[in-house]
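A.B. asks: Dropping the structure in here first, questions after.
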Amino acid sequence: LLSGGLNLASIAGADRARLDKTDLFKIVSPAQPNELFFNENAGHPAANPAVRKALVQALNLNQIGTVATSGRGLQMTQLSLQNFTPCAGNSVGGSVPAYNPSAAKSALGGVSIKVLYPTDAGSGYAPAAELVQQQLSAAGVKVTLDGQSTAALQGKIFGTGDWDLVVIAIGVANPAQFTSLLAGPAPPKGINFAGIANSGYKLSVARATRRVGAAGCKYWLDGERALFKAGDLAPLQ
C-alpha cells in the first residue's frame, strides 16, 4: 500500500498505526468481536457454574480486550457484529459478573486450567493470553498457556477438547447464526464446542424464532444476557 504496489487491503492490528500517518483513503469498520469461551463439558473445571462465574470475576475483561485489539477495540454491546446486526442493542451492560478478584478466590483455589489462543490471528492475542494467565494466577488458578495456529485451535475445540478457556473472535451478522455454537449437541454430533446448556438462552431463542424481523430482537438479546450472566462466555472487545 505504501509503495503503490497495492490499491486496496484490509489491515488490522498494530500495522494500522503506520498507515494512519499517511494520507491514504480509508474506511474503518468494526472487526469481529473477541470473546472468552469456557469448556463446560464433563471433566473440565468450568462445568461447575460457580467456577465459571469466579473465572469471569477474576478477569479484567476491558483490560484484556484492550491488549487483544492493540488498543483499537470497541466496547462490545452484543455478540453480533455491531455494524451489521439487524438487532442492535446492548446485551452486555449489566449482564456480565463484575470484576471482583477477591470474591473469585474462594471458588478458584486449586483449580487448574489450560488457556487456548490463536498465534496467527493478530499480534495482540499472545499478550492478552499472558494477561489472562497473570490475573487468574493472582486468584489462585494454575494456568497453562497453549498457543496454536487457527487451524490447530479449531481442531482442539471441535475435536480433542483439550482446553478449558479459549480466547477467540467470532463474528456473525445475525444472532440466529450463533445458535448452533451456543446450544445443542457438542462435537462430534454438533458444533456446540463449549458444551453450553443454558435453559434461559434456549427459551429466548425459541421465542425469537417464532417472530419475524424486529419483533424477535428483544428475545435474541435476552438470550445473550442469559449467557453472560451464567458465565458461559465473556465479552472482550
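By convention in this document, the chains of the C-alpha cells carry letters A, B, ... by their order, each chain's residues are numbered from 1, and ligands are numbered from 1 in the order they are shown.
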List the neighbours of Val92 of chain A out to 6 Å using only C-alpha atoms; skip same-chain residues closer than 2 positions along the sequence, and give me the result as a list in words.
C.D. replies: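 Within the cut-off, the hits are Thr77, Gln78, Asn90 and Ser95 of chain A.
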A.B. asks: Do a neighbour search on Leu108 of chain A at 8 Å with only C-alpha atoms, toss out local chain neighbours closer than 5 positions, and write the hits as a list in words.
C.D. replies: Val51, Ala54, Leu55, Ala139, Gly140 and Val141 of chain A
A.B. asks: Taking the backbone alone, and naming residues the way the document does, which bits of segment 24-225 of chain A are strand (DSSP E or B) by DSSP, as a list in words?
C.D. replies: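 Put together, the selection reads Asn34, Glu35, Leu36, Phe37, Phe38, Ser80, Ser112, Ile113, Lys114, Val115, Leu116, Tyr117, Pro118, Lys142, Val143, Thr144, Leu145, Asp146, Gly147, Gln148, Leu165, Val166, Val167, Ile168, Ala169 and Val172 of chain A.
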A.B. asks: Closest to Pro86 of chain A among A:Gly161, A:Gly200, A:Gly231, A:Pro175, using only C-alpha atoms?
C.D. replies: A:Pro175
A.B. asks: My list of candidates is A:Trp220, A:Tyr125, A:Phe228, A:Phe84. Which is closest to Val166 of chain A when distances are computed with only C-alpha atoms?
C.D. replies: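 Of A:Trp220, A:Tyr125, A:Phe228, A:Phe84, the one nearest Val166 of chain A, counting only C-alpha atoms, is A:Tyr125.
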A.B. asks: Could you list, with a cut-off of 9 Å and counting only C-alpha atoms, the residues of segment 162-225 of chain A near segment 22-38 of chain A, each shown with its nearest atom pair and the distance in Å rounded to one decimal, rows sorted by chain and ascending number, as JSON lines?
C.D. replies:
```
{"residue": "A:Trp163", "atom": "CA", "partner": "A:Phe38", "partner_atom": "CA", "distance": 8.6}
{"residue": "A:Asp164", "atom": "CA", "partner": "A:Phe38", "partner_atom": "CA", "distance": 5.8}
{"residue": "A:Leu165", "atom": "CA", "partner": "A:Phe38", "partner_atom": "CA", "distance": 4.6}
{"residue": "A:Val166", "atom": "CA", "partner": "A:Phe37", "partner_atom": "CA", "distance": 5.4}
{"residue": "A:Val167", "atom": "CA", "partner": "A:Leu36", "partner_atom": "CA", "distance": 4.9}
{"residue": "A:Ile168", "atom": "CA", "partner": "A:Glu35", "partner_atom": "CA", "distance": 5.5}
{"residue": "A:Ala169", "atom": "CA", "partner": "A:Asn34", "partner_atom": "CA", "distance": 4.1}
{"residue": "A:Ile170", "atom": "CA", "partner": "A:Gln32", "partner_atom": "CA", "distance": 5.8}
{"residue": "A:Gly171", "atom": "CA", "partner": "A:Gln32", "partner_atom": "CA", "distance": 4.3}
{"residue": "A:Val172", "atom": "CA", "partner": "A:Gln32", "partner_atom": "CA", "distance": 7.6}
{"residue": "A:Ala194", "atom": "CA", "partner": "A:Phe38", "partner_atom": "CA", "distance": 6.1}
{"residue": "A:Gly195", "atom": "CA", "partner": "A:Phe38", "partner_atom": "CA", "distance": 8.8}
{"residue": "A:Ile196", "atom": "CA", "partner": "A:Phe38", "partner_atom": "CA", "distance": 8.8}
```
A.B. asks: Output as an MDAnalysis selection string all residues of segment 152-214 of chain A that backbone DSSP marks as helix (DSSP H, G or I).
C.D. replies: chainID A and resid 152:160 175:182 199:209 213:214
A.B. asks: Hey, what's within 9 Å of segment 116-122 of chain A if we count only C-alpha atoms and toss same-chain stuff fewer than 5 positions away? As a ChimeraX atom specification, please?
C.D. replies: /A:12-14,68-70,129,144-153,156,162-169
A.B. asks: Can you measure atom CA of Ala42 of chain A to atom CA of Ala186 of chain A for me? One decimal in Å is fine.
C.D. replies: 11.2 Å
A.B. asks: Name all residues at most 10 Å from Glu130 of chain A (count only C-alpha atoms; drop same-chain ones fewer than 4 positions away) and give them as number ranges by chain.
C.D. replies: A: 64, 115, 125-126, 134-136, 143-145
A.B. asks: If I take atom CA of Met76 of chain A and atom CA of Gln237 of chain A, how far is one from the other in Å, to one decimal?
C.D. replies: 5.3 Å
A.B. asks: With only C-alpha atoms as the atoms that count, which of A:Asn41, A:Asn62, A:Val132, A:Lys53 lies nearest to Pro185 of chain A?
C.D. replies: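 Smallest distance to Pro185 of chain A is found for A:Asn41.
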A.B. asks: From the set A:Ala183, A:Asn100, A:Pro127, A:Ala234, which residue has the shortest atom-to-atom contact distance to Val67 of chain A, counting only C-alpha atoms?
C.D. replies: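 Between A:Ala183, A:Asn100, A:Pro127, A:Ala234, the residue approaching Val67 of chain A most closely is A:Pro127.
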A.B. asks: List as a list of chain:residue names the protein and nucleic acid residues near Asn198 of chain A, meaning an atom at most 12 Å away when only C-alpha atoms are counted, but skip any in the same chain fewer than 5 places from it.
C.D. replies: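 Residues near the query, excluding close chain neighbours: A:Glu40, A:Ala47, A:Pro49, A:Thr179, A:Leu182, A:Ala183, A:Gly184, A:Asn192, A:Leu203, A:Ser204, A:Val205, A:Gly223, A:Glu224, A:Arg225, A:Ala226, A:Leu227, A:Phe228, A:Lys229, A:Ala230, A:Gly231, A:Asp232, A:Leu233.
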A.B. asks: May I have the selected residues written with N, CA and C atoms, as a CSV table (one decimal), in the first residue's frame?
C.D. replies:
```
chain,number,residue,atom,x,y,z
A,40,GLU,N,-17.4,-26.3,29.2
A,40,GLU,CA,-18.3,-26.8,30.2
A,40,GLU,C,-18.6,-28.3,30.1
A,47,ALA,N,-17.3,-26.7,34.1
A,47,ALA,CA,-18.6,-27.4,34.1
A,47,ALA,C,-19.3,-27.0,35.4
A,49,PRO,N,-20.8,-24.2,37.6
A,49,PRO,CA,-21.2,-22.8,37.4
A,49,PRO,C,-20.6,-21.8,38.3
A,179,THR,N,-26.6,-19.8,17.0
A,179,THR,CA,-27.3,-20.7,17.9
A,179,THR,C,-26.7,-22.1,18.0
A,182,LEU,N,-23.9,-22.2,20.4
A,182,LEU,CA,-24.2,-21.9,21.8
A,182,LEU,C,-25.3,-22.8,22.4
A,183,ALA,N,-25.8,-23.8,21.7
A,183,ALA,CA,-26.8,-24.7,22.2
A,183,ALA,C,-26.7,-26.0,21.3
A,184,GLY,N,-27.4,-27.0,21.8
A,184,GLY,CA,-27.4,-28.2,21.0
A,184,GLY,C,-26.3,-29.2,21.3
A,192,ASN,N,-21.6,-27.3,19.2
A,192,ASN,CA,-21.6,-26.5,20.5
A,192,ASN,C,-20.3,-26.9,21.3
A,203,LEU,N,-34.8,-20.9,25.8
A,203,LEU,CA,-36.1,-20.4,25.8
A,203,LEU,C,-36.2,-19.1,25.0
A,204,SER,N,-35.2,-18.2,25.1
A,204,SER,CA,-35.3,-16.9,24.4
A,204,SER,C,-35.1,-17.2,22.9
A,205,VAL,N,-34.3,-18.1,22.5
A,205,VAL,CA,-34.2,-18.4,21.1
A,205,VAL,C,-35.5,-18.9,20.5
A,223,GLY,N,-31.6,-13.7,25.3
A,223,GLY,CA,-30.8,-14.9,25.2
A,223,GLY,C,-29.3,-14.7,25.5
A,224,GLU,N,-28.8,-13.6,24.9
A,224,GLU,CA,-27.4,-13.3,25.1
A,224,GLU,C,-27.1,-12.9,26.5
A,225,ARG,N,-28.1,-12.1,27.1
A,225,ARG,CA,-27.9,-11.8,28.5
A,225,ARG,C,-27.9,-13.0,29.4
A,226,ALA,N,-28.6,-14.0,29.1
A,226,ALA,CA,-28.6,-15.2,29.9
A,226,ALA,C,-27.3,-15.9,29.8
A,227,LEU,N,-26.6,-15.9,28.7
A,227,LEU,CA,-25.3,-16.5,28.5
A,227,LEU,C,-24.3,-15.8,29.3
A,228,PHE,N,-24.3,-14.4,29.3
A,228,PHE,CA,-23.3,-13.6,30.0
A,228,PHE,C,-23.5,-13.8,31.5
A,229,LYS,N,-24.7,-13.8,32.0
A,229,LYS,CA,-25.0,-13.9,33.4
A,229,LYS,C,-24.5,-15.2,34.0
A,230,ALA,N,-24.6,-16.3,33.2
A,230,ALA,CA,-24.2,-17.6,33.6
A,230,ALA,C,-22.7,-17.9,33.4
A,231,GLY,N,-22.0,-16.9,32.9
A,231,GLY,CA,-20.6,-17.1,32.6
A,231,GLY,C,-20.3,-18.1,31.6
A,232,ASP,N,-21.2,-18.3,30.6
A,232,ASP,CA,-21.0,-19.3,29.6
A,232,ASP,C,-19.9,-18.7,28.6
A,233,LEU,N,-19.9,-17.4,28.5
A,233,LEU,CA,-18.8,-16.8,27.7
A,233,LEU,C,-18.7,-15.4,28.3
```
A.B. asks: So that I can check the surroundings of Phe193 of chain A, please list as an mmCIF file with N, CA and C atoms, in the first residue's frame every protein, DNA and RNA residue that reaches within 7 Å of it, counting only C-alpha atoms and ignoring chain neighbours fewer than 2 positions away.
C.D. replies:
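The file below, selection_17.cif, is the result:
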```cif
data_model
loop_
_atom_site.group_PDB
_atom_site.id
_atom_site.type_symbol
_atom_site.label_atom_id
_atom_site.label_comp_id
_atom_site.auth_asym_id
_atom_site.auth_seq_id
_atom_site.Cartn_x
_atom_site.Cartn_y
_atom_site.Cartn_z
ATOM 1 N N ILE A 157 -10.886 -27.342 19.723
ATOM 2 C CA ILE A 157 -12.199 -27.026 20.274
ATOM 3 C C ILE A 157 -13.308 -27.887 19.654
ATOM 4 N N PHE A 158 -13.110 -28.311 18.406
ATOM 5 C CA PHE A 158 -14.122 -29.158 17.770
ATOM 6 C C PHE A 158 -13.732 -30.628 17.766
ATOM 7 N N LEU A 181 -23.645 -22.873 17.805
ATOM 8 C CA LEU A 181 -22.415 -22.816 18.591
ATOM 9 C C LEU A 181 -22.691 -22.663 20.084
ATOM 10 N N ALA A 186 -22.780 -31.236 21.536
ATOM 11 C CA ALA A 186 -21.354 -30.930 21.455
ATOM 12 C C ALA A 186 -20.717 -31.812 20.381
ATOM 13 N N PRO A 187 -19.509 -31.476 19.930
ATOM 14 C CA PRO A 187 -18.813 -32.335 18.967
ATOM 15 C C PRO A 187 -18.631 -33.744 19.535
ATOM 16 N N ILE A 191 -21.855 -28.711 16.948
ATOM 17 C CA ILE A 191 -20.736 -27.757 16.983
ATOM 18 C C ILE A 191 -20.797 -26.845 18.219
ATOM 19 N N GLY A 195 -19.964 -26.910 25.036
ATOM 20 C CA GLY A 195 -20.911 -27.725 25.800
ATOM 21 C C GLY A 195 -21.890 -26.902 26.606
#
```
A.B. asks: Which is closer to Ser123 of chain A than all the others in A:Ser3, A:Asp15, A:Gly213, A:Ser80, using only C-alpha atoms?
C.D. replies: A:Asp15
